[in-house]
file input17.cif (mmCIF, N, CA and C atoms)
data_coords
loop_
_atom_site.label_atom_id
_atom_site.label_comp_id
_atom_site.auth_asym_id
_atom_site.auth_seq_id
_atom_site.Cartn_x
_atom_site.Cartn_y
_atom_site.Cartn_z
N MET A 1085 37.05 -6.49 -29.25
CA MET A 1085 37.23 -5.91 -27.95
C MET A 1085 35.92 -5.97 -27.17
N PHE A 1086 36.00 -6.43 -25.95
CA PHE A 1086 34.84 -6.50 -25.07
C PHE A 1086 34.75 -5.20 -24.30
N ARG A 1087 33.60 -4.52 -24.40
CA ARG A 1087 33.39 -3.25 -23.71
C ARG A 1087 31.98 -3.16 -23.17
N VAL A 1088 31.87 -2.49 -22.04
CA VAL A 1088 30.53 -2.11 -21.61
C VAL A 1088 30.17 -0.87 -22.40
N ASN A 1089 28.89 -0.64 -22.58
CA ASN A 1089 28.50 0.53 -23.37
C ASN A 1089 28.63 1.81 -22.54
N LYS A 1090 28.51 2.95 -23.20
CA LYS A 1090 28.70 4.25 -22.56
C LYS A 1090 27.70 4.46 -21.42
N LEU A 1091 26.46 4.04 -21.61
CA LEU A 1091 25.46 4.21 -20.56
C LEU A 1091 25.82 3.42 -19.30
N THR A 1092 26.38 2.24 -19.48
CA THR A 1092 26.80 1.44 -18.33
C THR A 1092 27.96 2.11 -17.62
N ASP A 1093 28.88 2.66 -18.38
CA ASP A 1093 29.98 3.41 -17.79
C ASP A 1093 29.44 4.59 -16.98
N TYR A 1094 28.51 5.34 -17.57
CA TYR A 1094 27.88 6.46 -16.87
C TYR A 1094 27.13 5.99 -15.63
N ALA A 1095 26.43 4.88 -15.73
CA ALA A 1095 25.68 4.36 -14.59
C ALA A 1095 26.62 4.03 -13.43
N THR A 1096 27.78 3.51 -13.74
CA THR A 1096 28.77 3.22 -12.70
C THR A 1096 29.24 4.51 -12.03
N VAL A 1097 29.49 5.53 -12.83
CA VAL A 1097 29.90 6.83 -12.29
C VAL A 1097 28.81 7.40 -11.39
N VAL A 1098 27.56 7.31 -11.83
CA VAL A 1098 26.42 7.81 -11.05
C VAL A 1098 26.33 7.05 -9.72
N MET A 1099 26.46 5.74 -9.78
CA MET A 1099 26.36 4.94 -8.55
C MET A 1099 27.49 5.28 -7.58
N VAL A 1100 28.68 5.47 -8.09
CA VAL A 1100 29.81 5.83 -7.24
C VAL A 1100 29.58 7.21 -6.61
N ASP A 1101 28.93 8.11 -7.35
CA ASP A 1101 28.62 9.43 -6.80
C ASP A 1101 27.69 9.32 -5.59
N LEU A 1102 26.85 8.31 -5.55
CA LEU A 1102 25.91 8.12 -4.45
C LEU A 1102 26.52 7.43 -3.23
N VAL A 1103 27.71 6.85 -3.38
CA VAL A 1103 28.29 6.03 -2.32
C VAL A 1103 28.44 6.80 -1.01
N ASP A 1104 29.00 7.98 -1.04
CA ASP A 1104 29.29 8.71 0.20
C ASP A 1104 28.18 9.66 0.63
N ALA A 1105 27.07 9.65 -0.08
CA ALA A 1105 25.97 10.56 0.25
C ALA A 1105 25.25 10.10 1.51
N ASN A 1106 25.02 11.02 2.41
CA ASN A 1106 24.28 10.72 3.63
C ASN A 1106 22.81 11.10 3.51
N PHE A 1107 22.43 11.54 2.33
CA PHE A 1107 21.06 11.98 2.07
C PHE A 1107 20.78 11.77 0.58
N ALA A 1108 19.53 11.92 0.21
CA ALA A 1108 19.14 11.76 -1.20
C ALA A 1108 19.73 12.89 -2.03
N ILE A 1109 20.19 12.55 -3.21
CA ILE A 1109 20.78 13.53 -4.11
C ILE A 1109 19.85 13.69 -5.33
N PRO A 1110 19.44 14.93 -5.64
CA PRO A 1110 18.59 15.15 -6.82
C PRO A 1110 19.36 14.86 -8.12
N SER A 1111 18.61 14.50 -9.15
CA SER A 1111 19.21 14.21 -10.46
C SER A 1111 20.08 15.35 -10.96
N GLN A 1112 19.60 16.58 -10.78
CA GLN A 1112 20.35 17.75 -11.24
C GLN A 1112 21.72 17.81 -10.58
N LYS A 1113 21.77 17.52 -9.28
CA LYS A 1113 23.04 17.55 -8.54
C LYS A 1113 23.95 16.42 -8.99
N ILE A 1114 23.37 15.24 -9.25
CA ILE A 1114 24.17 14.12 -9.76
C ILE A 1114 24.79 14.49 -11.09
N ALA A 1115 24.00 15.11 -11.97
CA ALA A 1115 24.51 15.55 -13.27
C ALA A 1115 25.64 16.55 -13.08
N SER A 1116 25.46 17.48 -12.17
CA SER A 1116 26.48 18.49 -11.90
C SER A 1116 27.76 17.87 -11.32
N ASN A 1117 27.59 16.94 -10.39
CA ASN A 1117 28.74 16.27 -9.76
C ASN A 1117 29.55 15.45 -10.74
N THR A 1118 28.87 14.81 -11.68
CA THR A 1118 29.53 13.83 -12.56
C THR A 1118 29.88 14.36 -13.94
N GLY A 1119 29.23 15.45 -14.36
CA GLY A 1119 29.44 15.95 -15.71
C GLY A 1119 28.65 15.19 -16.76
N ILE A 1120 27.77 14.30 -16.32
CA ILE A 1120 26.93 13.54 -17.24
C ILE A 1120 25.69 14.38 -17.52
N PRO A 1121 25.27 14.50 -18.78
CA PRO A 1121 24.10 15.33 -19.10
C PRO A 1121 22.87 14.92 -18.28
N TYR A 1122 22.11 15.93 -17.85
CA TYR A 1122 20.93 15.72 -17.02
C TYR A 1122 19.93 14.73 -17.62
N PRO A 1123 19.59 14.81 -18.93
CA PRO A 1123 18.65 13.82 -19.48
C PRO A 1123 19.18 12.38 -19.38
N THR A 1124 20.48 12.22 -19.52
CA THR A 1124 21.09 10.89 -19.41
C THR A 1124 21.01 10.39 -17.98
N VAL A 1125 21.28 11.27 -17.03
CA VAL A 1125 21.16 10.90 -15.61
C VAL A 1125 19.73 10.45 -15.31
N ASN A 1126 18.75 11.19 -15.80
CA ASN A 1126 17.34 10.81 -15.57
C ASN A 1126 17.04 9.43 -16.12
N LYS A 1127 17.50 9.15 -17.33
CA LYS A 1127 17.27 7.83 -17.92
C LYS A 1127 17.93 6.74 -17.08
N LEU A 1128 19.18 6.98 -16.69
CA LEU A 1128 19.90 5.98 -15.90
C LEU A 1128 19.23 5.74 -14.55
N MET A 1129 18.77 6.81 -13.92
CA MET A 1129 18.14 6.64 -12.61
C MET A 1129 16.88 5.80 -12.72
N LYS A 1130 16.14 5.93 -13.81
CA LYS A 1130 14.96 5.09 -14.01
C LYS A 1130 15.36 3.62 -14.12
N ASP A 1131 16.41 3.35 -14.90
CA ASP A 1131 16.89 1.96 -15.05
C ASP A 1131 17.38 1.41 -13.71
N LEU A 1132 18.16 2.20 -12.98
CA LEU A 1132 18.71 1.76 -11.70
C LEU A 1132 17.62 1.59 -10.65
N LEU A 1133 16.61 2.44 -10.69
CA LEU A 1133 15.47 2.33 -9.78
C LEU A 1133 14.68 1.06 -10.08
N HIS A 1134 14.41 0.82 -11.36
CA HIS A 1134 13.68 -0.37 -11.79
C HIS A 1134 14.42 -1.65 -11.38
N ALA A 1135 15.75 -1.61 -11.41
CA ALA A 1135 16.55 -2.78 -11.04
C ALA A 1135 16.70 -2.92 -9.52
N GLY A 1136 16.21 -1.93 -8.76
CA GLY A 1136 16.29 -2.00 -7.31
C GLY A 1136 17.64 -1.61 -6.74
N LEU A 1137 18.44 -0.91 -7.52
CA LEU A 1137 19.77 -0.51 -7.05
C LEU A 1137 19.77 0.84 -6.34
N VAL A 1138 18.78 1.67 -6.65
CA VAL A 1138 18.64 2.96 -5.96
C VAL A 1138 17.21 3.10 -5.45
N ARG A 1139 17.04 4.04 -4.54
CA ARG A 1139 15.72 4.40 -4.03
C ARG A 1139 15.43 5.83 -4.45
N SER A 1140 14.18 6.10 -4.69
CA SER A 1140 13.72 7.44 -5.04
C SER A 1140 13.06 8.05 -3.81
N HIS A 1141 13.39 9.30 -3.53
CA HIS A 1141 12.82 10.02 -2.40
C HIS A 1141 12.12 11.26 -2.93
N ARG A 1142 10.89 11.46 -2.53
CA ARG A 1142 10.11 12.62 -2.99
C ARG A 1142 10.21 13.76 -2.01
N GLY A 1143 9.81 14.92 -2.48
CA GLY A 1143 9.71 16.07 -1.60
C GLY A 1143 10.85 17.06 -1.78
N VAL A 1144 10.87 18.04 -0.90
CA VAL A 1144 11.85 19.12 -0.97
C VAL A 1144 13.27 18.59 -0.91
N ASN A 1145 13.52 17.60 -0.08
CA ASN A 1145 14.85 17.01 0.04
C ASN A 1145 14.94 15.70 -0.73
N GLY A 1146 14.19 15.62 -1.81
CA GLY A 1146 14.11 14.39 -2.59
C GLY A 1146 15.33 14.17 -3.48
N GLY A 1147 15.33 13.02 -4.07
CA GLY A 1147 16.42 12.64 -4.96
C GLY A 1147 16.59 11.14 -4.92
N TYR A 1148 17.83 10.70 -5.05
CA TYR A 1148 18.13 9.27 -5.10
C TYR A 1148 19.19 8.91 -4.08
N SER A 1149 19.09 7.68 -3.59
CA SER A 1149 20.11 7.13 -2.71
C SER A 1149 20.28 5.65 -3.06
N LEU A 1150 21.36 5.06 -2.59
CA LEU A 1150 21.59 3.64 -2.83
C LEU A 1150 20.53 2.83 -2.09
N ALA A 1151 20.09 1.76 -2.70
CA ALA A 1151 19.09 0.89 -2.10
C ALA A 1151 19.72 -0.15 -1.17
N SER A 1152 21.01 -0.36 -1.33
CA SER A 1152 21.76 -1.33 -0.52
C SER A 1152 23.11 -0.72 -0.18
N PRO A 1153 23.81 -1.28 0.79
CA PRO A 1153 25.16 -0.79 1.07
C PRO A 1153 26.05 -0.92 -0.17
N ALA A 1154 26.98 0.01 -0.30
CA ALA A 1154 27.86 0.05 -1.48
C ALA A 1154 28.66 -1.23 -1.67
N ASN A 1155 28.96 -1.92 -0.58
CA ASN A 1155 29.74 -3.16 -0.69
C ASN A 1155 28.89 -4.36 -1.10
N LYS A 1156 27.59 -4.12 -1.32
CA LYS A 1156 26.68 -5.18 -1.77
C LYS A 1156 26.23 -5.00 -3.22
N ILE A 1157 26.53 -3.86 -3.83
CA ILE A 1157 26.12 -3.58 -5.21
C ILE A 1157 27.33 -3.80 -6.11
N THR A 1158 27.22 -4.75 -7.03
CA THR A 1158 28.36 -5.12 -7.87
C THR A 1158 28.29 -4.47 -9.25
N ILE A 1159 29.40 -4.52 -9.91
CA ILE A 1159 29.46 -4.04 -11.30
C ILE A 1159 28.54 -4.89 -12.17
N ALA A 1160 28.45 -6.16 -11.88
CA ALA A 1160 27.52 -7.03 -12.64
C ALA A 1160 26.08 -6.53 -12.47
N ASP A 1161 25.71 -6.10 -11.26
CA ASP A 1161 24.36 -5.58 -11.03
C ASP A 1161 24.09 -4.37 -11.93
N ILE A 1162 25.06 -3.49 -12.03
CA ILE A 1162 24.89 -2.28 -12.84
C ILE A 1162 24.79 -2.62 -14.32
N ILE A 1163 25.66 -3.49 -14.79
CA ILE A 1163 25.61 -3.90 -16.20
C ILE A 1163 24.25 -4.49 -16.53
N GLN A 1164 23.76 -5.37 -15.68
CA GLN A 1164 22.48 -6.01 -15.93
C GLN A 1164 21.32 -5.02 -15.87
N ALA A 1165 21.43 -4.02 -15.01
CA ALA A 1165 20.38 -3.00 -14.92
C ALA A 1165 20.27 -2.18 -16.20
N VAL A 1166 21.41 -1.91 -16.82
CA VAL A 1166 21.43 -1.04 -18.00
C VAL A 1166 21.37 -1.83 -19.30
N GLU A 1167 22.09 -2.94 -19.37
CA GLU A 1167 22.22 -3.68 -20.63
C GLU A 1167 21.44 -4.98 -20.69
N GLY A 1168 21.00 -5.49 -19.55
CA GLY A 1168 20.33 -6.79 -19.53
C GLY A 1168 21.31 -7.89 -19.17
N PRO A 1169 20.94 -9.14 -19.41
CA PRO A 1169 21.79 -10.27 -19.03
C PRO A 1169 23.19 -10.18 -19.64
N ILE A 1170 24.17 -10.59 -18.86
CA ILE A 1170 25.55 -10.59 -19.35
C ILE A 1170 25.75 -11.85 -20.18
N ALA A 1171 25.94 -11.66 -21.46
CA ALA A 1171 26.14 -12.78 -22.39
C ALA A 1171 27.18 -12.33 -23.41
N LEU A 1172 28.36 -12.93 -23.34
CA LEU A 1172 29.45 -12.53 -24.23
C LEU A 1172 29.16 -12.86 -25.69
N THR A 1173 28.43 -13.92 -25.93
CA THR A 1173 28.04 -14.30 -27.28
C THR A 1173 26.61 -14.83 -27.24
N ASN A 1174 26.06 -15.09 -28.41
CA ASN A 1174 24.73 -15.70 -28.49
C ASN A 1174 24.77 -17.16 -28.07
N CYS A 1175 25.96 -17.69 -27.87
CA CYS A 1175 26.12 -19.12 -27.56
C CYS A 1175 25.96 -19.44 -26.08
N VAL A 1176 25.82 -18.44 -25.22
CA VAL A 1176 25.68 -18.75 -23.80
C VAL A 1176 24.22 -18.96 -23.44
N ASN A 1177 24.00 -19.71 -22.40
CA ASN A 1177 22.64 -20.12 -22.03
C ASN A 1177 21.70 -18.96 -21.72
N ASN A 1178 22.23 -17.86 -21.16
CA ASN A 1178 21.34 -16.76 -20.79
C ASN A 1178 21.29 -15.66 -21.84
N SER A 1179 21.78 -15.92 -23.02
CA SER A 1179 21.75 -14.91 -24.08
C SER A 1179 20.31 -14.61 -24.47
N PRO A 1180 19.98 -13.32 -24.60
CA PRO A 1180 18.62 -12.98 -25.03
C PRO A 1180 18.38 -13.27 -26.51
N GLU A 1181 19.46 -13.53 -27.25
CA GLU A 1181 19.34 -13.81 -28.68
C GLU A 1181 19.62 -15.29 -28.95
N LYS A 1182 19.01 -15.82 -29.96
CA LYS A 1182 19.17 -17.21 -30.35
C LYS A 1182 20.35 -17.35 -31.31
N CYS A 1183 21.15 -18.38 -31.11
CA CYS A 1183 22.25 -18.67 -32.04
C CYS A 1183 21.71 -19.54 -33.18
N TYR A 1184 21.92 -19.11 -34.41
CA TYR A 1184 21.38 -19.82 -35.56
C TYR A 1184 22.28 -20.97 -36.01
N TYR A 1185 23.46 -21.10 -35.42
CA TYR A 1185 24.42 -22.11 -35.85
C TYR A 1185 24.58 -23.23 -34.82
N GLU A 1186 23.77 -23.24 -33.76
CA GLU A 1186 24.01 -24.17 -32.67
C GLU A 1186 23.92 -25.64 -33.08
N ASN A 1187 23.18 -25.97 -34.11
CA ASN A 1187 23.05 -27.38 -34.51
C ASN A 1187 24.34 -27.96 -35.07
N PHE A 1188 25.23 -27.11 -35.55
CA PHE A 1188 26.48 -27.64 -36.12
C PHE A 1188 27.71 -26.88 -35.62
N CYS A 1189 27.60 -26.18 -34.52
CA CYS A 1189 28.68 -25.36 -33.99
C CYS A 1189 29.68 -26.21 -33.21
N ALA A 1190 30.96 -26.01 -33.48
CA ALA A 1190 32.02 -26.77 -32.81
C ALA A 1190 32.24 -26.34 -31.36
N VAL A 1191 31.83 -25.15 -31.01
CA VAL A 1191 32.04 -24.67 -29.64
C VAL A 1191 30.73 -24.52 -28.86
N GLN A 1192 29.69 -25.15 -29.34
CA GLN A 1192 28.38 -25.04 -28.69
C GLN A 1192 28.49 -25.38 -27.21
N GLY A 1193 27.99 -24.49 -26.37
CA GLY A 1193 27.99 -24.70 -24.93
C GLY A 1193 29.30 -24.39 -24.22
N ARG A 1194 30.38 -24.25 -24.95
CA ARG A 1194 31.68 -24.03 -24.33
C ARG A 1194 31.90 -22.57 -23.91
N TRP A 1195 31.15 -21.66 -24.49
CA TRP A 1195 31.23 -20.25 -24.09
C TRP A 1195 30.65 -20.04 -22.71
N ASN A 1196 29.82 -20.96 -22.25
CA ASN A 1196 29.21 -20.82 -20.92
C ASN A 1196 30.28 -20.70 -19.83
N ARG A 1197 31.33 -21.46 -19.95
CA ARG A 1197 32.42 -21.44 -18.96
C ARG A 1197 33.11 -20.08 -18.95
N VAL A 1198 33.37 -19.53 -20.12
CA VAL A 1198 34.00 -18.21 -20.22
C VAL A 1198 33.06 -17.14 -19.67
N ASN A 1199 31.80 -17.20 -20.07
CA ASN A 1199 30.81 -16.22 -19.62
C ASN A 1199 30.68 -16.26 -18.09
N LYS A 1200 30.65 -17.46 -17.53
CA LYS A 1200 30.53 -17.61 -16.08
C LYS A 1200 31.73 -16.99 -15.37
N ALA A 1201 32.92 -17.16 -15.92
CA ALA A 1201 34.13 -16.58 -15.32
C ALA A 1201 34.06 -15.05 -15.33
N VAL A 1202 33.59 -14.49 -16.43
CA VAL A 1202 33.46 -13.03 -16.53
C VAL A 1202 32.42 -12.52 -15.54
N VAL A 1203 31.27 -13.17 -15.48
CA VAL A 1203 30.21 -12.77 -14.55
C VAL A 1203 30.72 -12.86 -13.11
N ASN A 1204 31.42 -13.93 -12.78
CA ASN A 1204 31.97 -14.08 -11.43
C ASN A 1204 32.94 -12.95 -11.10
N ALA A 1205 33.79 -12.59 -12.05
CA ALA A 1205 34.73 -11.49 -11.84
C ALA A 1205 33.99 -10.17 -11.63
N LEU A 1206 32.96 -9.92 -12.42
CA LEU A 1206 32.18 -8.69 -12.29
C LEU A 1206 31.40 -8.66 -10.98
N ASN A 1207 31.04 -9.82 -10.46
CA ASN A 1207 30.34 -9.90 -9.18
C ASN A 1207 31.28 -9.69 -7.99
N GLU A 1208 32.56 -9.75 -8.21
CA GLU A 1208 33.53 -9.57 -7.13
C GLU A 1208 33.89 -8.09 -6.91
N VAL A 1209 33.57 -7.24 -7.87
CA VAL A 1209 33.91 -5.82 -7.76
C VAL A 1209 32.64 -5.04 -7.42
N THR A 1210 32.68 -4.33 -6.31
CA THR A 1210 31.53 -3.55 -5.86
C THR A 1210 31.74 -2.06 -6.15
N ILE A 1211 30.68 -1.29 -5.99
CA ILE A 1211 30.85 0.15 -6.18
C ILE A 1211 31.65 0.74 -5.03
N ALA A 1212 31.67 0.07 -3.88
CA ALA A 1212 32.55 0.52 -2.80
C ALA A 1212 34.01 0.40 -3.24
N ASP A 1213 34.34 -0.68 -3.95
CA ASP A 1213 35.69 -0.85 -4.48
C ASP A 1213 36.02 0.25 -5.49
N MET A 1214 35.03 0.61 -6.29
CA MET A 1214 35.24 1.61 -7.34
C MET A 1214 35.38 3.02 -6.76
N SER A 1215 34.85 3.25 -5.58
CA SER A 1215 34.88 4.60 -5.01
C SER A 1215 36.11 4.85 -4.14
N SER A 1216 36.81 3.81 -3.80
CA SER A 1216 37.98 4.02 -2.93
C SER A 1216 39.27 4.11 -3.69
#

call {"tool": "encode", "arguments": {"input": "input17.cif", "output": "structure tokens"}}
result
Amino acid sequence: MFRVNKLTDYATVVMVDLVDANFAIPSQKIASNTGIPYPTVNKLMKDLLHAGLVRSHRGVNGGYSLASPANKITIADIIQAVEGPIALTNCVNNSPEKCYYENFCAVQGRWNRVNKAVVNALNEVTIADMSS
């Protein structure tokens, strides 16, 4: 079964929580809104900030906001921010791990087509789609 991990699921929920915000939302409020534990929200916000998907605002009215319009941030962006490159198997070109069987593998290089189709599908769904 192909699944995104729990942190990626949570990151999607956090990002959707930010969609309708007209101001920065503090981590504590995001945790309260979503039911995701505060330490987990903090970790996710660091990953999302590092990936450029959210902005951090300091001060009394500080918190986080989306770095781009909701219709420009895709599910693929979130997955990559939390999990790294999308690679269904070690056999795809962008896999962070090396395949030890590639010299004699019957399907060498053929997973690239499947991986590309999945990435394309994930790039078609935005957080705006997820929030409506």

call {"tool": "atom_distance", "arguments": {"input": "input17.cif", "atom1": "atom N of Val1103 in chain A", "atom2": "CA of Ala1115 in chain A"}}
result
13.6 Å

call {"tool": "atom_distance", "arguments": {"input": "input17.cif", "atom1": "atom C of Ala1095 in chain A", "atom2": "atom C of Ile1162 in chain A"}}
result
7.0 Å

call {"tool": "resolve_selection", "arguments": {"input": "input17.cif", "expression": "the PyMOL selection byres ((chain A and resi 1129-1145) around 8)", "output": "MDAnalysis selection string"}}
result
chainID A and resid 1095 1107:1111 1123:1128 1146:1152 1157 1161:1162 1164:1166

call {"tool": "resolve_selection", "arguments": {"input": "input17.cif", "expression": "the PyMOL selection byres (((chain A and resi 1100 and name CA) around 9) and name CA)", "output": "compact mmCIF listing (two decimals) with N, CA and C atoms, keeping the file's coordinate frame"}}
result
# COMPACT_ATOMS: atom_id res chain seq x y z
N ALA A 1095 26.43 4.88 -15.73
CA ALA A 1095 25.68 4.36 -14.59
C ALA A 1095 26.62 4.03 -13.43
N THR A 1096 27.78 3.51 -13.74
CA THR A 1096 28.77 3.22 -12.70
C THR A 1096 29.24 4.51 -12.03
N VAL A 1097 29.49 5.53 -12.83
CA VAL A 1097 29.90 6.83 -12.29
C VAL A 1097 28.81 7.40 -11.39
N VAL A 1098 27.56 7.31 -11.83
CA VAL A 1098 26.42 7.81 -11.05
C VAL A 1098 26.33 7.05 -9.72
N MET A 1099 26.46 5.74 -9.78
CA MET A 1099 26.36 4.94 -8.55
C MET A 1099 27.49 5.28 -7.58
N ASP A 1101 28.93 8.11 -7.35
CA ASP A 1101 28.62 9.43 -6.80
C ASP A 1101 27.69 9.32 -5.59
N LEU A 1102 26.85 8.31 -5.55
CA LEU A 1102 25.91 8.12 -4.45
C LEU A 1102 26.52 7.43 -3.23
N VAL A 1103 27.71 6.85 -3.38
CA VAL A 1103 28.29 6.03 -2.32
C VAL A 1103 28.44 6.80 -1.01
N ASP A 1104 29.00 7.98 -1.04
CA ASP A 1104 29.29 8.71 0.20
C ASP A 1104 28.18 9.66 0.63
N ALA A 1154 26.98 0.01 -0.30
CA ALA A 1154 27.86 0.05 -1.48
C ALA A 1154 28.66 -1.23 -1.67
N ILE A 1211 30.68 -1.29 -5.99
CA ILE A 1211 30.85 0.15 -6.18
C ILE A 1211 31.65 0.74 -5.03
N ALA A 1212 31.67 0.07 -3.88
CA ALA A 1212 32.55 0.52 -2.80
C ALA A 1212 34.01 0.40 -3.24
N MET A 1214 35.03 0.61 -6.29
CA MET A 1214 35.24 1.61 -7.34
C MET A 1214 35.38 3.02 -6.76
N SER A 1215 34.85 3.25 -5.58
CA SER A 1215 34.88 4.60 -5.01
C SER A 1215 36.11 4.85 -4.14

call {"tool": "select_by_dssp", "arguments": {"input": "input17.cif", "residues": "range 1116-1195 of chain A", "states": "alpha helix (DSSP H)", "output": "list of chain:residue names"}}
result
A:Ser1116, A:Asn1117, A:Thr1118, A:Tyr1122, A:Pro1123, A:Thr1124, A:Val1125, A:Asn1126, A:Lys1127, A:Leu1128, A:Met1129, A:Lys1130, A:Asp1131, A:Leu1132, A:Leu1133, A:His1134, A:Ile1159, A:Ala1160, A:Asp1161, A:Ile1162, A:Ile1163, A:Gln1164, A:Ala1165, A:Val1166, A:Glu1167, A:Trp1195

call {"tool": "select_by_dssp", "arguments": {"input": "input17.cif", "residues": "range 1087-1211 of chain A", "states": "strand (DSSP E)", "output": "MDAnalysis selection string"}}
result
chainID A and resid 1138:1141 1147:1150

call {"tool": "closest_residue", "arguments": {"input": "input17.cif", "among": "A:Trp1195, A:Val1209, A:Leu1172, A:Lys1200", "to": "Arg1087 in chain A", "atoms": "only C-alpha atoms"}}
result
A:Leu1172

call {"tool": "atom_distance", "arguments": {"input": "input17.cif", "atom1": "CA of Lys1156 in chain A", "atom2": "CA of Asn1106 in chain A"}}
result
17.0 Å

call {"tool": "residues_near_point", "arguments": {"input": "input17.cif", "point": "(33.7, -14.3, -19.8)", "cutoff": "12 Å", "atoms": "only C-alpha atoms", "output": "list in words"}}
result
Phe1086, Arg1087, Ala1160, Ile1170, Ala1171, Leu1172, Thr1173, Cys1175, Val1176, Arg1194, Trp1195, Asn1196, Arg1197, Val1198, Asn1199, Lys1200, Ala1201, Val1202, Val1203, Asn1204, Ala1205, Leu1206 and Asn1207 of chain A

call {"tool": "axis_aligned_box", "arguments": {"input": "input17.cif", "around": "range 1198-1213 of chain A", "padding_each_side": "8 Å", "output": "AutoDock Vina command-line options"}}
result
--center_x 33.1 --center_y -9.4 --center_z -11.5 --size_x 21.8 --size_y 36.3 --size_z 33.4

call {"tool": "closest_residue", "arguments": {"input": "input17.cif", "among": "A:Lys1113, A:Gly1168, A:Tyr1094, A:Asp1213", "to": "Asn1155 in chain A", "atoms": "only N, CA and C atoms"}}
result
A:Asp1213

call {"tool": "build_atoms", "arguments": {"input": "input17.cif", "residues": "range 1140-1145 of chain A", "atoms": "all heavy atoms", "output": "PDB file, keeping the file's coordinate frame"}}
result
ATOM      1  N   SER A1140      14.180   6.100  -4.690  1.00  0.00           N
ATOM      2  CA  SER A1140      13.720   7.440  -5.040  1.00  0.00           C
ATOM      3  C   SER A1140      13.060   8.050  -3.810  1.00  0.00           C
ATOM      4  O   SER A1140      12.268   7.384  -3.142  1.00  0.00           O
ATOM      5  CB  SER A1140      12.733   7.356  -6.192  1.00  0.00           C
ATOM      6  OG  SER A1140      12.183   8.616  -6.464  1.00  0.00           O
ATOM      7  N   HIS A1141      13.390   9.300  -3.530  1.00  0.00           N
ATOM      8  CA  HIS A1141      12.820  10.020  -2.400  1.00  0.00           C
ATOM      9  C   HIS A1141      12.120  11.260  -2.930  1.00  0.00           C
ATOM     10  O   HIS A1141      12.723  12.039  -3.672  1.00  0.00           O
ATOM     11  CB  HIS A1141      13.911  10.420  -1.402  1.00  0.00           C
ATOM     12  CG  HIS A1141      14.731   9.263  -0.941  1.00  0.00           C
ATOM     13  ND1 HIS A1141      14.392   8.496   0.144  1.00  0.00           N
ATOM     14  CD2 HIS A1141      15.876   8.730  -1.444  1.00  0.00           C
ATOM     15  CE1 HIS A1141      15.296   7.545   0.305  1.00  0.00           C
ATOM     16  NE2 HIS A1141      16.205   7.669  -0.654  1.00  0.00           N
ATOM     17  N   ARG A1142      10.890  11.460  -2.530  1.00  0.00           N
ATOM     18  CA  ARG A1142      10.110  12.620  -2.990  1.00  0.00           C
ATOM     19  C   ARG A1142      10.210  13.760  -2.010  1.00  0.00           C
ATOM     20  O   ARG A1142      10.612  13.597  -0.868  1.00  0.00           O
ATOM     21  CB  ARG A1142       8.649  12.224  -3.166  1.00  0.00           C
ATOM     22  CG  ARG A1142       8.465  11.230  -4.273  1.00  0.00           C
ATOM     23  CD  ARG A1142       7.015  10.859  -4.389  1.00  0.00           C
ATOM     24  NE  ARG A1142       6.821  10.295  -5.701  1.00  0.00           N
ATOM     25  CZ  ARG A1142       5.776  10.494  -6.450  1.00  0.00           C
ATOM     26  NH1 ARG A1142       4.797  11.236  -6.026  1.00  0.00           N
ATOM     27  NH2 ARG A1142       5.684   9.945  -7.640  1.00  0.00           N
ATOM     28  N   GLY A1143       9.810  14.920  -2.480  1.00  0.00           N
ATOM     29  CA  GLY A1143       9.710  16.070  -1.600  1.00  0.00           C
ATOM     30  C   GLY A1143      10.850  17.060  -1.780  1.00  0.00           C
ATOM     31  O   GLY A1143      11.689  16.921  -2.668  1.00  0.00           O
ATOM     32  N   VAL A1144      10.870  18.040  -0.900  1.00  0.00           N
ATOM     33  CA  VAL A1144      11.850  19.120  -0.970  1.00  0.00           C
ATOM     34  C   VAL A1144      13.270  18.590  -0.910  1.00  0.00           C
ATOM     35  O   VAL A1144      14.157  19.052  -1.623  1.00  0.00           O
ATOM     36  CB  VAL A1144      11.607  20.139   0.176  1.00  0.00           C
ATOM     37  CG1 VAL A1144      12.682  21.202   0.195  1.00  0.00           C
ATOM     38  CG2 VAL A1144      10.231  20.764   0.050  1.00  0.00           C
ATOM     39  N   ASN A1145      13.520  17.600  -0.080  1.00  0.00           N
ATOM     40  CA  ASN A1145      14.850  17.010   0.040  1.00  0.00           C
ATOM     41  C   ASN A1145      14.940  15.700  -0.730  1.00  0.00           C
ATOM     42  O   ASN A1145      15.672  14.808  -0.336  1.00  0.00           O
ATOM     43  CB  ASN A1145      15.196  16.792   1.518  1.00  0.00           C
ATOM     44  CG  ASN A1145      15.290  18.089   2.276  1.00  0.00           C
ATOM     45  OD1 ASN A1145      15.819  19.073   1.760  1.00  0.00           O
ATOM     46  ND2 ASN A1145      14.756  18.116   3.488  1.00  0.00           N
TER      47      ASN A1145
END
